[in-house]
>>> print(open('protein_32.cif').read())   # mmCIF, C-alpha atoms
data_model
loop_
_atom_site.label_atom_id
_atom_site.label_comp_id
_atom_site.auth_asym_id
_atom_site.auth_seq_id
_atom_site.Cartn_x
_atom_site.Cartn_y
_atom_site.Cartn_z
CA ALA A 1241 0.00 0.00 0.00
CA GLU A 1242 2.87 2.34 0.78
CA ALA A 1243 4.50 1.97 -2.63
CA GLY A 1244 1.08 2.19 -4.24
CA SER A 1245 0.50 5.50 -2.50
CA CYS A 1246 3.86 6.69 -3.87
CA CYS A 1247 2.75 5.75 -7.38
CA ARG A 1248 -0.48 7.70 -6.95
CA VAL A 1249 1.43 10.75 -5.75
CA ILE A 1250 3.70 10.63 -8.81
CA GLN A 1251 0.60 10.26 -10.98
CA MET A 1252 -1.08 13.29 -9.42
CA LEU A 1253 1.97 15.54 -9.45
CA LEU A 1254 2.98 14.67 -13.01
CA GLN A 1255 -0.56 15.20 -14.21
CA THR A 1256 -0.55 18.67 -12.68
CA LYS A 1257 2.87 19.56 -14.08
CA LEU A 1258 2.29 18.15 -17.56
CA GLN A 1259 -1.30 19.35 -17.74
CA GLU A 1260 -2.25 15.97 -19.19
CA SER A 1261 -4.48 13.20 -17.87
CA VAL A 1262 -2.71 10.33 -16.10
CA LYS A 1263 -4.42 6.98 -15.62
CA VAL A 1264 -3.42 3.84 -13.77
CA VAL A 1265 -3.30 0.43 -15.45
CA ASP A 1266 -2.16 -2.84 -13.85
CA PRO A 1267 0.59 -4.75 -15.71
CA VAL A 1268 -0.81 -8.01 -14.38
CA GLN A 1269 -3.82 -7.10 -16.50
CA ALA A 1270 -1.71 -5.74 -19.35
CA SER A 1271 0.45 -8.87 -19.40
CA GLU A 1272 -2.67 -10.87 -20.30
CA HIS A 1273 -2.73 -9.00 -23.60
CA LEU A 1274 0.94 -8.45 -24.43
CA GLU A 1275 0.42 -8.00 -28.15
CA GLU A 1276 -1.99 -5.15 -27.46
CA LEU A 1277 0.44 -3.72 -24.90
CA SER A 1278 3.30 -3.90 -27.39
CA GLU A 1279 1.24 -2.13 -30.03
CA GLU A 1280 0.21 0.61 -27.65
CA MET A 1281 3.67 1.08 -26.19
CA GLY A 1282 4.99 1.36 -29.73
CA SER A 1283 3.53 4.86 -29.88
CA ALA A 1284 4.74 5.96 -26.43
CA LYS A 1285 6.99 9.00 -26.53
CA VAL A 1286 8.25 8.42 -22.99
CA VAL A 1287 8.24 5.34 -20.77
CA LEU A 1288 8.95 6.03 -17.11
CA VAL A 1289 9.75 2.95 -15.06
CA ILE A 1290 9.23 3.27 -11.31
CA LEU A 1291 11.82 1.16 -9.50
CA THR A 1292 10.91 -0.40 -6.15
CA GLN A 1293 12.35 -3.24 -4.09
CA GLY A 1294 12.05 -6.61 -5.80
CA ILE A 1295 10.42 -5.33 -8.99
CA LEU A 1296 13.07 -6.78 -11.31
CA THR A 1297 12.17 -10.29 -10.20
CA GLU A 1298 8.46 -9.77 -10.85
CA ALA A 1299 7.46 -11.80 -13.91
CA THR A 1300 4.56 -9.57 -15.00
CA PHE A 1301 6.83 -6.54 -14.79
CA ALA A 1302 9.57 -8.28 -16.79
CA GLY A 1303 7.05 -9.38 -19.39
CA SER A 1304 5.59 -5.90 -19.70
CA VAL A 1305 8.98 -4.23 -20.08
CA ALA A 1306 10.12 -6.85 -22.59
CA ALA A 1307 6.91 -6.23 -24.56
CA CYS A 1308 8.02 -2.67 -25.29
CA PRO A 1309 9.25 -2.58 -28.89
CA GLU A 1310 13.01 -2.15 -29.27
CA GLU A 1311 12.61 1.20 -31.00
CA VAL A 1312 10.72 2.54 -27.96
CA ARG A 1313 13.18 1.37 -25.33
CA GLY A 1314 15.31 4.40 -26.02
CA ASN A 1315 12.46 6.31 -24.36
CA PHE A 1316 12.87 4.48 -21.04
CA VAL A 1317 13.37 6.76 -18.04
CA PRO A 1318 13.93 4.87 -14.77
CA ILE A 1319 12.68 6.51 -11.57
CA LYS A 1320 14.08 5.19 -8.30
CA ALA A 1321 11.22 5.57 -5.82
CA ASP A 1322 12.45 3.19 -3.13
CA GLU A 1323 15.73 3.46 -1.22
CA ASN A 1324 15.68 -0.33 -0.87
CA PHE A 1325 15.74 -0.87 -4.62
CA VAL A 1326 18.95 -2.64 -5.64
CA TYR A 1327 20.39 -2.09 -9.11
CA PRO A 1328 21.29 -5.29 -10.96
CA ASP A 1329 24.86 -6.45 -10.39
CA PRO A 1330 26.87 -9.09 -12.31
CA ALA A 1331 25.41 -11.81 -10.09
CA PHE A 1332 21.89 -10.75 -11.05
CA TRP A 1333 22.64 -11.02 -14.78
CA GLU A 1334 24.22 -14.44 -14.26
CA LYS A 1335 21.19 -15.70 -12.34
CA LEU A 1336 18.89 -14.33 -15.03
CA ALA A 1337 20.80 -16.16 -17.76
CA GLU A 1338 20.87 -19.37 -15.71
CA GLY A 1339 17.10 -19.34 -15.19
CA LYS A 1340 17.37 -18.80 -11.44
CA ILE A 1341 15.16 -15.70 -11.46
CA PHE A 1342 12.56 -16.72 -14.03
CA SER A 1343 12.01 -20.12 -15.55
CA ALA A 1344 11.92 -20.44 -19.32
CA GLU A 1345 8.30 -21.57 -19.03
CA THR A 1346 7.32 -18.48 -17.03
CA LEU A 1347 8.91 -16.13 -19.55
CA ALA A 1348 7.39 -18.03 -22.47
CA ALA A 1349 3.98 -17.39 -20.94
CA PHE A 1350 4.77 -13.69 -21.30
CA LEU A 1351 5.94 -14.11 -24.90
CA THR A 1352 9.60 -13.53 -24.10
CA ASP A 1353 12.76 -15.34 -22.97
CA PHE A 1354 15.93 -14.70 -20.98
CA GLU A 1355 17.52 -12.67 -23.77
CA GLY A 1356 14.37 -10.61 -24.23
CA VAL A 1357 14.28 -9.63 -20.57
CA ARG A 1358 18.03 -9.08 -20.45
CA ALA A 1359 17.93 -6.75 -23.45
CA ALA A 1360 15.01 -4.76 -22.06
CA TYR A 1361 16.57 -4.45 -18.61
CA ALA A 1362 19.96 -3.54 -20.06
CA ARG A 1363 18.36 -0.73 -22.07
CA LEU A 1364 16.47 0.45 -19.01
CA PHE A 1365 19.67 0.83 -17.00
CA ASN A 1366 21.60 2.41 -19.84
CA VAL A 1367 20.32 5.84 -18.82
CA LEU A 1368 20.66 7.83 -15.62
CA ALA A 1369 17.80 7.19 -13.21
CA LEU A 1370 15.83 10.04 -11.73
CA LYS A 1371 14.66 9.99 -8.13
CA PHE A 1372 11.40 10.34 -6.26
CA THR A 1373 11.43 10.45 -2.46
CA SER A 1374 8.21 8.83 -1.31
CA HIS A 1375 8.70 10.05 2.25
CA GLY A 1376 10.09 13.43 1.24
CA SER A 1377 8.58 16.79 2.08
CA GLU A 1378 6.22 18.52 -0.32
CA SER A 1379 9.08 20.79 -1.35
CA ILE A 1380 11.44 17.89 -2.09
CA GLN A 1381 8.82 16.02 -4.10
CA ALA A 1382 7.90 19.15 -6.04
CA THR A 1383 11.55 19.61 -6.99
CA GLU A 1384 11.90 15.99 -8.09
CA ILE A 1385 8.72 16.18 -10.17
CA HIS A 1386 10.00 19.40 -11.75
CA VAL A 1387 13.16 17.54 -12.82
CA MET A 1388 11.02 14.73 -14.28
CA LYS A 1389 8.92 17.27 -16.13
CA GLY A 1390 12.02 18.81 -17.69
CA ARG A 1391 13.24 15.52 -19.08
CA LEU A 1392 9.77 14.39 -20.12
CA GLU A 1393 8.93 17.54 -22.03
CA SER A 1394 12.17 17.50 -24.00
CA MET A 1395 11.69 13.84 -24.90
CA ILE A 1396 8.04 14.28 -25.80
CA HIS A 1397 8.71 17.19 -28.12
CA ASP A 1398 11.79 15.60 -29.69
CA SER A 1399 10.24 12.15 -30.23
CA PRO A 1400 9.31 11.25 -33.83
CA VAL A 1401 6.79 8.65 -32.65
CA GLU A 1402 3.20 9.53 -33.47
CA LYS A 1403 1.01 10.17 -30.45
CA SER A 1404 -1.49 7.55 -29.29
CA THR A 1405 -4.88 7.98 -27.69
CA SER A 1406 -5.60 4.31 -27.02
CA THR A 1407 -6.19 2.94 -23.53
CA ILE A 1408 -6.09 -0.42 -21.82
CA SER A 1409 -9.19 -1.23 -19.77
CA LYS A 1410 -9.39 -5.01 -19.62
CA GLN A 1411 -10.46 -6.59 -16.34
CA ARG A 1412 -7.63 -7.41 -13.89
CA SER A 1413 -6.39 -11.01 -14.00
CA GLN A 1414 -6.47 -13.09 -10.82
CA ARG A 1415 -3.38 -14.98 -11.87
CA SER A 1416 -0.42 -14.72 -9.52
CA ASN A 1417 3.00 -13.54 -10.56
CA THR A 1418 4.20 -17.13 -10.81
CA GLY A 1419 0.99 -18.51 -12.23
CA SER A 1420 0.17 -20.67 -9.21
CA ALA A 1421 -1.55 -18.79 -6.36
CA PRO A 1422 -4.42 -16.36 -7.03
CA VAL A 1423 -3.95 -12.61 -6.72
CA ALA A 1424 -6.72 -10.61 -5.02
CA PRO A 1425 -8.62 -8.77 -7.76
CA ALA A 1426 -9.54 -5.78 -5.61
CA VAL A 1427 -6.11 -4.36 -4.78
CA VAL A 1428 -6.45 -0.59 -5.00
CA ALA A 1429 -2.88 0.60 -4.51
CA PRO A 1430 -0.27 -0.62 -7.00
CA VAL A 1431 3.15 -1.65 -5.78
CA SER A 1432 5.30 -0.52 -8.66
CA SER A 1433 4.80 0.90 -12.07
CA ILE A 1434 5.67 1.66 -15.66
CA ILE A 1435 4.49 5.06 -16.84
CA SER A 1436 4.19 5.92 -20.52
CA ALA A 1437 3.46 9.48 -21.59
CA ASP A 1438 2.70 11.25 -24.84
CA TYR A 1439 1.06 14.51 -25.81
CA ASP A 1440 -2.41 13.33 -24.85
CA LYS A 1441 -1.87 11.20 -21.80
CA ALA A 1442 0.49 9.51 -19.36
CA GLU A 1443 -0.29 5.92 -18.46
CA VAL A 1444 0.86 4.21 -15.28
CA TYR A 1445 1.35 0.46 -15.52
CA SER A 1446 1.64 -1.01 -12.04
CA ALA A 1447 2.70 -4.50 -10.98
CA GLU A 1448 1.88 -6.13 -7.67
CA LEU A 1449 4.75 -8.00 -6.07
#
>>> encode(input="protein_32.cif", output="structure tokens")
Amino acid sequence: AEAGSCCRVIQMLLQTKLQESVKVVDPVQASEHLEELSEEMGSAKVVLVILTQGILTEATFAGSVAACPEEVRGNFVPIKADENFVYPDPAFWEKLAEGKIFSAETLAAFLTDFEGVRAAYARLFNVLALKFTSHGSESIQATEIHVMKGRLESMIHDSPVEKSTSTISKQRSQRSNTGSAPVAPAVVAPVSSIISADYDKAEVYSAEL
């Protein structure tokens, strides 16, 4: 709930700064329709990825990030919103390649594989991450959002990708992250998120750990 509240705060502040609507979409839901997600993300001018503890080992998150077309991954902007988030080290990449983080079967269910996730993650961490202090003062958060706005606006106006007005509104899946235990369908606060923004909207894709 705490990280979900952080995501909602980012949503609200960015919406105010960008003067564009911002809506929340669950990647567990989006990962049920990855081809649609890929098509929609293909027109995203900016993709902000909110980094929280454990998110890199979340299968629905990995599948959603890997679903972003290669030509759009240059628009990734990571946002570290959790001091406990740990950036991937050499051991992480080794475990990923060895199938110790995700099984091949799990990734196949999300239409990707080890190389697909590795490539998407590598591109994500190829740019300098911005920061959002979830427990920061109003002044600190306003400053951090202002920095985000500066990078977002320059990317939005420089991007050659045509703007999109499509939305994702499918019903949330009750499948768990591993495909075994059910996930409560009525979770209000997301735990972590991917945000895509263009001229008309910013979308927040959130994944429950």
>>> residues_around(input="protein_32.cif", residues="segment 1359-1367 of chain A", least_positions_apart="5", cutoff="7 Å", atoms="only C-alpha atoms", output="short mmCIF file (atom, residue, chain, number, x, y, z; two decimals) with C-alpha atoms, in the coordinates of the input")
data_model
loop_
_atom_site.label_atom_id
_atom_site.label_comp_id
_atom_site.auth_asym_id
_atom_site.auth_seq_id
_atom_site.Cartn_x
_atom_site.Cartn_y
_atom_site.Cartn_z
CA VAL A 1305 8.98 -4.23 -20.08
CA ALA A 1306 10.12 -6.85 -22.59
CA ARG A 1313 13.18 1.37 -25.33
CA PHE A 1316 12.87 4.48 -21.04
CA PRO A 1318 13.93 4.87 -14.77
#
>>> closest_residue(input="protein_32.cif", among="A:Ile1295, A:Phe1332, A:Leu1254, A:Val1286", to="Gly1314 of chain A", atoms="only C-alpha atoms")
A:Val1286
>>> residues_around(input="protein_32.cif", residues="Gly1376 of chain A", least_positions_apart="5", cutoff="12 Å", atoms="only C-alpha atoms", output="number ranges by chain")
A: 1246, 1249, 1321-1323, 1371, 1381-1385
>>> closest_residue(input="protein_32.cif", among="A:Glu1310, A:Gln1259, A:Ile1341, A:Ala1331", to="Gly1294 of chain A", atoms="all atoms listed in the file")
A:Ile1341
>>> residues_around(input="protein_32.cif", residues="Glu1334 of chain A", least_positions_apart="5", cutoff="12 Å", atoms="only C-alpha atoms", output="list in words")
Pro1328, Asp1329, Gly1339, Lys1340, Ile1341, Phe1342, Phe1354, Glu1355 and Arg1358 of chain A
>>> write_last_selection(input="protein_32.cif", atoms="C-alpha atoms", output="tab-separated table (two decimals), in the frame of the given file")
chain	number	residue	atom	x	y	z
A	1328	PRO	CA	21.29	-5.29	-10.96
A	1329	ASP	CA	24.86	-6.45	-10.39
A	1339	GLY	CA	17.10	-19.34	-15.19
A	1340	LYS	CA	17.37	-18.80	-11.44
A	1341	ILE	CA	15.16	-15.70	-11.46
A	1342	PHE	CA	12.56	-16.72	-14.03
A	1354	PHE	CA	15.93	-14.70	-20.98
A	1355	GLU	CA	17.52	-12.67	-23.77
A	1358	ARG	CA	18.03	-9.08	-20.45
>>> atom_distance(input="protein_32.cif", atom1="atom CA of Leu1277 of chain A", atom2="atom CA of Thr1292 of chain A")
21.7 Å
>>> closest_residue(input="protein_32.cif", among="A:Lys1335, A:His1386, A:His1375, A:His1397", to="Ser1245 of chain A", atoms="only C-alpha atoms")
A:His1375
>>> closest_residue(input="protein_32.cif", among="A:Leu1288, A:Ala1302, A:Val1268, A:Ile1319", to="Val1357 of chain A", atoms="all atoms listed in the file")
A:Ala1302
>>> closest_residue(input="protein_32.cif", among="A:Cys1247, A:Ala1349, A:Met1388, A:Val1317", to="Leu1368 of chain A", atoms="all atoms listed in the file")
A:Val1317
>>> residues_around(input="protein_32.cif", residues="Phe1350 of chain A", least_positions_apart="5", cutoff="9 Å", atoms="all atoms listed in the file", output="ChimeraX atom specification")
/A:1271-1272,1274,1299-1300,1302-1304,1306-1307,1345
>>> build_atoms(input="protein_32.cif", residues="segment 1375-1386 of chain A", atoms="all heavy atoms", output="CSV table (one decimal), in the coordinates of the input")
chain,number,residue,atom,x,y,z
A,1375,HIS,N,8.9,9.5,0.9
A,1375,HIS,CA,8.7,10.0,2.2
A,1375,HIS,C,9.2,11.5,2.4
A,1375,HIS,O,9.4,12.0,3.5
A,1375,HIS,CB,9.4,9.2,3.3
A,1375,HIS,CG,8.8,7.8,3.4
A,1375,HIS,ND1,7.5,7.6,3.9
A,1375,HIS,CD2,9.3,6.6,3.0
A,1375,HIS,CE1,7.3,6.3,3.9
A,1375,HIS,NE2,8.3,5.6,3.3
A,1376,GLY,N,9.5,12.1,1.2
A,1376,GLY,CA,10.1,13.4,1.2
A,1376,GLY,C,9.0,14.5,1.5
A,1376,GLY,O,7.8,14.2,1.4
A,1377,SER,N,9.5,15.7,1.8
A,1377,SER,CA,8.6,16.8,2.1
A,1377,SER,C,7.9,17.2,0.8
A,1377,SER,O,8.4,16.8,-0.3
A,1377,SER,CB,9.3,18.0,2.7
A,1377,SER,OG,10.3,18.5,1.7
A,1378,GLU,N,6.9,18.0,0.9
A,1378,GLU,CA,6.2,18.5,-0.3
A,1378,GLU,C,7.2,19.3,-1.2
A,1378,GLU,O,7.1,19.2,-2.4
A,1378,GLU,CB,5.1,19.4,0.1
A,1378,GLU,CG,4.2,20.0,-1.1
A,1378,GLU,CD,3.1,20.8,-0.6
A,1378,GLU,OE1,2.7,20.7,0.6
A,1378,GLU,OE2,2.5,21.6,-1.4
A,1379,SER,N,8.1,20.0,-0.6
A,1379,SER,CA,9.1,20.8,-1.4
A,1379,SER,C,10.0,19.9,-2.1
A,1379,SER,O,10.3,20.1,-3.3
A,1379,SER,CB,9.9,21.7,-0.4
A,1379,SER,OG,10.9,22.4,-1.1
A,1380,ILE,N,10.5,18.8,-1.5
A,1380,ILE,CA,11.4,17.9,-2.1
A,1380,ILE,C,10.8,17.2,-3.3
A,1380,ILE,O,11.3,17.1,-4.4
A,1380,ILE,CB,11.9,16.9,-1.1
A,1380,ILE,CG1,12.9,17.5,-0.1
A,1380,ILE,CG2,12.7,15.7,-1.8
A,1380,ILE,CD1,13.4,16.6,1.0
A,1381,GLN,N,9.5,16.7,-3.0
A,1381,GLN,CA,8.8,16.0,-4.1
A,1381,GLN,C,8.5,16.9,-5.3
A,1381,GLN,O,8.6,16.5,-6.4
A,1381,GLN,CB,7.5,15.4,-3.5
A,1381,GLN,CG,7.7,14.3,-2.6
A,1381,GLN,CD,6.4,13.6,-2.1
A,1381,GLN,OE1,5.4,14.2,-2.3
A,1381,GLN,NE2,6.5,12.5,-1.4
A,1382,ALA,N,8.2,18.2,-5.0
A,1382,ALA,CA,7.9,19.2,-6.0
A,1382,ALA,C,9.1,19.4,-6.9
A,1382,ALA,O,9.1,19.5,-8.1
A,1382,ALA,CB,7.4,20.5,-5.4
A,1383,THR,N,10.3,19.4,-6.3
A,1383,THR,CA,11.6,19.6,-7.0
A,1383,THR,C,11.8,18.4,-7.9
A,1383,THR,O,12.2,18.5,-9.0
A,1383,THR,CB,12.7,19.8,-6.0
A,1383,THR,OG1,12.5,21.0,-5.2
A,1383,THR,CG2,14.0,20.0,-6.7
A,1384,GLU,N,11.6,17.2,-7.3
A,1384,GLU,CA,11.9,16.0,-8.1
A,1384,GLU,C,10.9,15.9,-9.3
A,1384,GLU,O,11.4,15.5,-10.4
A,1384,GLU,CB,11.8,14.8,-7.2
A,1384,GLU,CG,12.9,14.7,-6.1
A,1384,GLU,CD,12.7,13.7,-5.0
A,1384,GLU,OE1,11.5,13.2,-4.9
A,1384,GLU,OE2,13.6,13.3,-4.4
A,1385,ILE,N,9.7,16.2,-9.1
A,1385,ILE,CA,8.7,16.2,-10.2
A,1385,ILE,C,9.1,17.2,-11.2
A,1385,ILE,O,8.9,17.0,-12.4
A,1385,ILE,CB,7.3,16.4,-9.6
A,1385,ILE,CG1,6.8,15.2,-8.8
A,1385,ILE,CG2,6.3,16.7,-10.8
A,1385,ILE,CD1,6.6,13.9,-9.6
A,1386,HIS,N,9.6,18.4,-10.8
A,1386,HIS,CA,10.0,19.4,-11.8
A,1386,HIS,C,11.1,18.9,-12.6
A,1386,HIS,O,11.2,19.2,-13.8
A,1386,HIS,CB,10.5,20.6,-11.0
A,1386,HIS,CG,10.9,21.8,-11.9
A,1386,HIS,ND1,10.0,22.5,-12.6
A,1386,HIS,CD2,12.1,22.2,-12.2
A,1386,HIS,CE1,10.6,23.4,-13.3
A,1386,HIS,NE2,11.9,23.3,-13.1
